[in-house]
Each structure stands twice: as structure tokens, then as C-alpha cells.
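**Student:** PDB, C-alpha atoms, pLDDT in the B column, saved as final_0.pdb, coming up:
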ATOM      1  CA  MET I 152     -11.447   3.233  -7.902  1.00 70.00           C
ATOM      2  CA  ARG I 153     -14.108   1.708 -10.063  1.00 77.00           C
ATOM      3  CA  PRO I 154     -15.906  -0.941  -7.987  1.00 81.00           C
ATOM      4  CA  SER I 155     -15.717  -3.349 -10.928  1.00 86.00           C
ATOM      5  CA  ALA I 156     -11.904  -3.115 -10.881  1.00 90.00           C
ATOM      6  CA  LEU I 157     -11.459  -3.530  -7.135  1.00 92.00           C
ATOM      7  CA  GLN I 158     -10.698  -7.246  -7.032  1.00 95.00           C
ATOM      8  CA  ASP I 159      -8.329  -7.069 -10.026  1.00 95.00           C
ATOM      9  CA  VAL I 160      -6.385  -4.164  -8.517  1.00 95.00           C
ATOM     10  CA  ALA I 161      -6.205  -5.867  -5.113  1.00 96.00           C
ATOM     11  CA  SER I 162      -4.926  -9.095  -6.689  1.00 96.00           C
ATOM     12  CA  ALA I 163      -2.355  -7.241  -8.798  1.00 96.00           C
ATOM     13  CA  MET I 164      -1.060  -5.329  -5.790  1.00 95.00           C
ATOM     14  CA  ALA I 165      -0.943  -8.473  -3.642  1.00 96.00           C
ATOM     15  CA  ALA I 166       1.431  -9.971  -6.212  1.00 96.00           C
ATOM     16  CA  HIS I 167       3.932  -7.095  -5.864  1.00 95.00           C
ATOM     17  CA  PRO I 168       6.986  -8.061  -3.754  1.00 95.00           C
ATOM     18  CA  LYS I 169       6.952  -4.712  -1.887  1.00 95.00           C
ATOM     19  CA  VAL I 170       3.376  -5.242  -0.653  1.00 96.00           C
ATOM     20  CA  SER I 171       2.985  -6.998   2.709  1.00 93.00           C
ATOM     21  CA  PHE I 172      -0.776  -6.496   3.223  1.00 94.00           C
ATOM     22  CA  VAL I 173      -3.807  -5.773   1.007  1.00 96.00           C
ATOM     23  CA  ALA I 174      -7.441  -5.515   2.138  1.00 95.00           C
ATOM     24  CA  LEU I 175     -10.740  -4.462   0.606  1.00 94.00           C
ATOM     25  CA  THR I 176     -12.395  -1.833   2.815  1.00 92.00           C
ATOM     26  CA  THR I 177     -15.613   0.118   3.198  1.00 89.00           C
ATOM     27  CA  GLY I 178     -15.999   3.876   3.379  1.00 82.00           C
ATOM     28  CA  PRO I 179     -14.213   6.505   1.305  1.00 83.00           C
ATOM     29  CA  THR I 180     -11.359   4.153   0.381  1.00 84.00           C
ATOM     30  CA  ASN I 181     -11.986   0.822  -1.293  1.00 89.00           C
ATOM     31  CA  LEU I 182      -8.593  -0.715  -0.720  1.00 93.00           C
ATOM     32  CA  VAL I 183      -5.716  -0.403   1.733  1.00 94.00           C
ATOM     33  CA  ALA I 184      -2.222  -1.740   1.152  1.00 95.00           C
ATOM     34  CA  VAL I 185       0.947  -1.777   3.224  1.00 94.00           C
ATOM     35  CA  VAL I 186       3.991  -1.203   1.040  1.00 95.00           C
ATOM     36  CA  ASN I 187       7.571  -1.552   2.291  1.00 94.00           C
ATOM     37  CA  CYS I 188       9.902   0.937   0.594  1.00 94.00           C
ATOM     38  CA  ARG I 189      13.497   1.926   1.356  1.00 93.00           C
ATOM     39  CA  ASP I 190      12.837   5.675   1.329  1.00 93.00           C
ATOM     40  CA  THR I 191      10.535   8.358  -0.098  1.00 93.00           C
ATOM     41  CA  GLU I 192      12.146   8.153  -3.537  1.00 96.00           C
ATOM     42  CA  ASP I 193      11.493   4.396  -3.614  1.00 96.00           C
ATOM     43  CA  LEU I 194       7.877   5.041  -2.557  1.00 95.00           C
ATOM     44  CA  ALA I 195       7.415   7.686  -5.267  1.00 96.00           C
ATOM     45  CA  ARG I 196       8.828   5.313  -7.885  1.00 96.00           C
ATOM     46  CA  TYR I 197       6.586   2.487  -6.683  1.00 96.00           C
ATOM     47  CA  LEU I 198       3.458   4.650  -6.770  1.00 95.00           C
ATOM     48  CA  THR I 199       4.131   6.122 -10.207  1.00 96.00           C
ATOM     49  CA  GLU I 200       5.572   3.041 -11.924  1.00 96.00           C
ATOM     50  CA  ARG I 201       3.671   0.129 -10.339  1.00 95.00           C
ATOM     51  CA  VAL I 202       0.398   1.416  -8.860  1.00 95.00           C
ATOM     52  CA  ALA I 203      -0.661   4.325 -11.089  1.00 94.00           C
ATOM     53  CA  PRO I 204      -0.648   2.227 -14.297  1.00 94.00           C
ATOM     54  CA  LEU I 205      -3.093  -0.355 -12.853  1.00 94.00           C
ATOM     55  CA  ASP I 206      -6.403  -0.205 -14.698  1.00 90.00           C
ATOM     56  CA  GLY I 207      -9.068   1.023 -12.301  1.00 88.00           C
ATOM     57  CA  ILE I 208      -6.891   3.328 -10.176  1.00 90.00           C
ATOM     58  CA  ALA I 209      -8.515   6.769 -10.112  1.00 86.00           C
ATOM     59  CA  THR I 210      -6.871   8.323  -7.038  1.00 89.00           C
ATOM     60  CA  MET I 211      -4.256   7.410  -4.445  1.00 91.00           C
ATOM     61  CA  GLU I 212      -3.641   8.598  -0.919  1.00 92.00           C
ATOM     62  CA  THR I 213      -0.503   7.750   1.038  1.00 93.00           C
ATOM     63  CA  ALA I 214       0.282   7.889   4.735  1.00 91.00           C
ATOM     64  CA  PRO I 215       3.951   7.020   5.325  1.00 91.00           C
ATOM     65  CA  VAL I 216       4.607   5.450   8.721  1.00 89.00           C
ATOM     66  CA  ILE I 217       7.162   7.471  10.638  1.00 88.00           C
ATOM     67  CA  ARG I 218       7.288   5.240  13.713  1.00 88.00           C
ATOM     68  CA  THR I 219       5.733   1.892  14.569  1.00 84.00           C
ATOM     69  CA  VAL I 220       4.709   1.543  18.212  1.00 84.00           C
ATOM     70  CA  LYS I 221       3.056  -1.890  18.069  1.00 77.00           C
ATOM     71  CA  ARG I 222       2.723  -4.647  15.492  1.00 73.00           C
ATOM     72  CA  ALA I 223       0.674  -7.790  15.556  1.00 76.00           C
ATOM     73  CA  GLY I 224       2.252  -9.767  18.377  1.00 72.00           C
ATOM     74  CA  PRO I 225       3.982  -8.609  21.551  1.00 70.00           C
ATOM     75  CA  PRO I 226       4.487  -4.836  22.114  1.00 68.00           C
ATOM     76  CA  LEU I 227       7.750  -3.314  20.954  1.00 63.00           C
ATOM     77  CA  ARG I 228      10.010  -1.699  23.537  1.00 74.00           C
ATOM     78  CA  LEU I 229      10.341   2.057  23.055  1.00 71.00           C
TER      79      LEU I 229
END
With the file now loaded, output its structure as C-alpha cells.

**Tutor:**
Amino acid sequence: MRPSALQDVASAMAAHPKVSFVALTTGPTNLVAVVNCRDTEDLARYLTERVAPLDGIATMETAPVIRTVKRAGPPLRL
């Protein structure tokens, strides 16, 4: 992502209803976002229709969560 577009992209993503968390980061990625999708088709649609068109996006990397063990707050029972 172009550094000059970072804040605009972060703000645009933060406004999306599917996004529950957005943060500017250091290192190889400039931005991390948590997106809540129904399934992989919904995720693919979100990435191609909502994220890819944002000016400043050069690449994307996804890491779908397959199981949450702990969230902010008390531990979840397994």
C-alpha cells in the first residue's frame, strides 16, 4: 500500500459494516483489519468488491480464522 494512502484506506475500511477492527501496523504489512464474513464466498466477494477497489491497495493477504481460542475478556471454554 502506498504510505500516502494508508490513513484513507484505514478510514474507508473502518466504515465498512463487516469490519470489526482496523489498525495501522509496522513491518511488511501497513494495515490489519478483522472482517466478519458468513463464509468463504462472502469473504471473496468482500475482498474483490469492497477492498480491492480502494485507491492505494496494491496487495492483500488473508488469514481466515478457523477457530478462536481466546478473545479479549475471559477465556472461552473449549

**Student:** Given the file above and the PyMOL selection byres ((chain I and resi 202-219) around 8), which residues are selected, and can you give them as number ranges by chain?

**Tutor:** I: 152-153, 156-157, 160, 164, 197-201, 220-222

**Student:** Taking the point (-7.8, -2.0, 3.0) as given in the file, collect each protein or nucleic acid residue that comes within 12 Å of it, counting only C-alpha atoms, and present the set as a list in words.

**Tutor:** Leu157, Gln158, Val160, Ala161, Met164, Ala165, Ser171, Phe172, Val173, Ala174, Leu175, Thr176, Thr177, Gly178, Pro179, Thr180, Asn181, Leu182, Val183, Ala184, Val185 and Val186 of chain I

**Student:** Region 169-178 of chain I, all listed atoms, 8 Å padding on each side: what axis-aligned box centre and edge lengths in Å to one decimal come out, as JSON?

**Tutor:**
{"center_x": -4.5, "center_y": -1.6, "center_z": 0.7, "size_x": 39.0, "size_y": 26.9, "size_z": 21.3}

**Student:** One decimal, Å: what's the distance from CA of Val170 (chain I) over to CA of Ala223 (chain I), could you say?

**Tutor:** 16.6 Å

**Student:** Ranking I:Lys169, I:Pro225, I:Asp159, I:Pro154 by minimum distance to Asn187 (chain I) and counting only C-alpha atoms, which one comes first?

**Tutor:**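 Of I:Lys169, I:Pro225, I:Asp159, I:Pro154, the one nearest Asn187 (chain I), counting only C-alpha atoms, is I:Lys169.
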
**Student:** Region 215-229 of chain I from the block above, all heavy atoms, as an mmCIF file, in the first residue's frame, please?

**Tutor:**
data_model
loop_
_atom_site.group_PDB
_atom_site.id
_atom_site.type_symbol
_atom_site.label_atom_id
_atom_site.label_comp_id
_atom_site.auth_asym_id
_atom_site.auth_seq_id
_atom_site.Cartn_x
_atom_site.Cartn_y
_atom_site.Cartn_z
ATOM 1 N N PRO I 215 -7.857 -16.493 7.121
ATOM 2 C CA PRO I 215 -9.134 -16.814 7.761
ATOM 3 C C PRO I 215 -8.928 -17.523 9.100
ATOM 4 O O PRO I 215 -8.053 -18.378 9.226
ATOM 5 C CB PRO I 215 -9.832 -17.737 6.753
ATOM 6 C CG PRO I 215 -9.200 -17.376 5.437
ATOM 7 C CD PRO I 215 -7.772 -17.043 5.769
ATOM 8 N N VAL I 216 -9.714 -17.144 10.081
ATOM 9 C CA VAL I 216 -9.658 -17.769 11.400
ATOM 10 C C VAL I 216 -10.498 -19.038 11.359
ATOM 11 O O VAL I 216 -11.684 -18.990 11.019
ATOM 12 C CB VAL I 216 -10.195 -16.803 12.485
ATOM 13 C CG1 VAL I 216 -10.265 -17.496 13.839
ATOM 14 C CG2 VAL I 216 -9.329 -15.562 12.544
ATOM 15 N N ILE I 217 -9.897 -20.149 11.702
ATOM 16 C CA ILE I 217 -10.640 -21.407 11.683
ATOM 17 C C ILE I 217 -11.175 -21.792 13.057
ATOM 18 O O ILE I 217 -12.111 -22.562 13.180
ATOM 19 C CB ILE I 217 -9.801 -22.569 11.099
ATOM 20 C CG1 ILE I 217 -8.502 -22.725 11.864
ATOM 21 C CG2 ILE I 217 -9.536 -22.338 9.622
ATOM 22 C CD1 ILE I 217 -7.707 -23.966 11.465
ATOM 23 N N ARG I 218 -10.563 -21.215 14.105
ATOM 24 C CA ARG I 218 -11.048 -21.475 15.461
ATOM 25 C C ARG I 218 -10.482 -20.415 16.396
ATOM 26 O O ARG I 218 -9.288 -20.192 16.432
ATOM 27 C CB ARG I 218 -10.603 -22.850 15.924
ATOM 28 C CG ARG I 218 -11.066 -23.212 17.300
ATOM 29 C CD ARG I 218 -10.683 -24.640 17.624
ATOM 30 N NE ARG I 218 -10.904 -24.892 19.034
ATOM 31 C CZ ARG I 218 -10.191 -25.734 19.734
ATOM 32 N NH1 ARG I 218 -9.223 -26.414 19.164
ATOM 33 N NH2 ARG I 218 -10.439 -25.912 20.994
ATOM 34 N N THR I 219 -11.352 -19.788 17.163
ATOM 35 C CA THR I 219 -10.921 -18.801 18.143
ATOM 36 C C THR I 219 -10.798 -19.484 19.498
ATOM 37 O O THR I 219 -11.734 -20.133 19.954
ATOM 38 C CB THR I 219 -11.934 -17.640 18.233
ATOM 39 O OG1 THR I 219 -12.021 -17.029 16.947
ATOM 40 C CG2 THR I 219 -11.509 -16.607 19.247
ATOM 41 N N VAL I 220 -9.636 -19.352 20.125
ATOM 42 C CA VAL I 220 -9.396 -19.964 21.423
ATOM 43 C C VAL I 220 -9.615 -18.959 22.548
ATOM 44 O O VAL I 220 -10.121 -19.298 23.600
ATOM 45 C CB VAL I 220 -7.967 -20.557 21.488
ATOM 46 C CG1 VAL I 220 -7.673 -21.133 22.851
ATOM 47 C CG2 VAL I 220 -7.794 -21.610 20.406
ATOM 48 N N LYS I 221 -9.244 -17.699 22.322
ATOM 49 C CA LYS I 221 -9.430 -16.664 23.332
ATOM 50 C C LYS I 221 -9.679 -15.322 22.651
ATOM 51 O O LYS I 221 -9.050 -15.004 21.655
ATOM 52 C CB LYS I 221 -8.190 -16.564 24.222
ATOM 53 C CG LYS I 221 -8.331 -15.531 25.331
ATOM 54 C CD LYS I 221 -7.112 -15.509 26.217
ATOM 55 C CE LYS I 221 -7.262 -14.434 27.283
ATOM 56 N NZ LYS I 221 -6.098 -14.396 28.159
ATOM 57 N N ARG I 222 -10.577 -14.569 23.204
ATOM 58 C CA ARG I 222 -10.856 -13.201 22.759
ATOM 59 C C ARG I 222 -10.484 -12.260 23.897
ATOM 60 O O ARG I 222 -10.174 -12.713 24.998
ATOM 61 C CB ARG I 222 -12.336 -13.026 22.438
ATOM 62 C CG ARG I 222 -12.839 -13.880 21.323
ATOM 63 C CD ARG I 222 -14.318 -13.546 21.057
ATOM 64 N NE ARG I 222 -14.930 -14.485 20.172
ATOM 65 C CZ ARG I 222 -14.852 -14.434 18.844
ATOM 66 N NH1 ARG I 222 -14.172 -13.469 18.274
ATOM 67 N NH2 ARG I 222 -15.435 -15.325 18.085
ATOM 68 N N ALA I 223 -10.569 -10.980 23.642
ATOM 69 C CA ALA I 223 -10.377 -10.030 24.707
ATOM 70 C C ALA I 223 -11.464 -10.298 25.756
ATOM 71 O O ALA I 223 -12.643 -10.376 25.434
ATOM 72 C CB ALA I 223 -10.500 -8.606 24.181
ATOM 73 N N GLY I 224 -11.068 -10.491 26.979
ATOM 74 C CA GLY I 224 -12.007 -10.828 28.032
ATOM 75 C C GLY I 224 -11.696 -12.192 28.590
ATOM 76 O O GLY I 224 -10.590 -12.722 28.407
ATOM 77 N N PRO I 225 -12.642 -12.815 29.272
ATOM 78 C CA PRO I 225 -12.363 -14.117 29.893
ATOM 79 C C PRO I 225 -12.134 -15.210 28.854
ATOM 80 O O PRO I 225 -12.676 -15.132 27.743
ATOM 81 C CB PRO I 225 -13.625 -14.399 30.715
ATOM 82 C CG PRO I 225 -14.668 -13.526 30.142
ATOM 83 C CD PRO I 225 -13.974 -12.339 29.528
ATOM 84 N N PRO I 226 -11.334 -16.229 29.168
ATOM 85 C CA PRO I 226 -11.085 -17.338 28.221
ATOM 86 C C PRO I 226 -12.384 -18.058 27.855
ATOM 87 O O PRO I 226 -13.302 -18.144 28.655
ATOM 88 C CB PRO I 226 -10.158 -18.280 28.994
ATOM 89 C CG PRO I 226 -9.611 -17.468 30.111
ATOM 90 C CD PRO I 226 -10.625 -16.399 30.411
ATOM 91 N N LEU I 227 -12.417 -18.562 26.642
ATOM 92 C CA LEU I 227 -13.555 -19.354 26.186
ATOM 93 C C LEU I 227 -13.360 -20.804 26.601
ATOM 94 O O LEU I 227 -12.241 -21.310 26.595
ATOM 95 C CB LEU I 227 -13.686 -19.284 24.664
ATOM 96 C CG LEU I 227 -13.916 -17.901 24.072
ATOM 97 C CD1 LEU I 227 -13.877 -17.988 22.551
ATOM 98 C CD2 LEU I 227 -15.225 -17.330 24.521
ATOM 99 N N ARG I 228 -14.406 -21.485 26.949
ATOM 100 C CA ARG I 228 -14.309 -22.911 27.266
ATOM 101 C C ARG I 228 -14.182 -23.698 25.977
ATOM 102 O O ARG I 228 -14.871 -23.412 25.009
ATOM 103 C CB ARG I 228 -15.525 -23.384 28.026
ATOM 104 C CG ARG I 228 -15.590 -22.818 29.405
ATOM 105 C CD ARG I 228 -16.682 -23.474 30.189
ATOM 106 N NE ARG I 228 -16.622 -22.923 31.541
ATOM 107 C CZ ARG I 228 -17.442 -23.289 32.479
ATOM 108 N NH1 ARG I 228 -18.379 -24.193 32.235
ATOM 109 N NH2 ARG I 228 -17.337 -22.760 33.672
ATOM 110 N N LEU I 229 -13.307 -24.673 25.960
ATOM 111 C CA LEU I 229 -13.106 -25.496 24.752
ATOM 112 C C LEU I 229 -13.876 -26.777 24.820
ATOM 113 O O LEU I 229 -14.152 -27.361 25.761
ATOM 114 C CB LEU I 229 -11.618 -25.781 24.553
ATOM 115 C CG LEU I 229 -10.754 -24.534 24.362
ATOM 116 C CD1 LEU I 229 -9.305 -24.944 24.180
ATOM 117 C CD2 LEU I 229 -11.214 -23.778 23.142
#
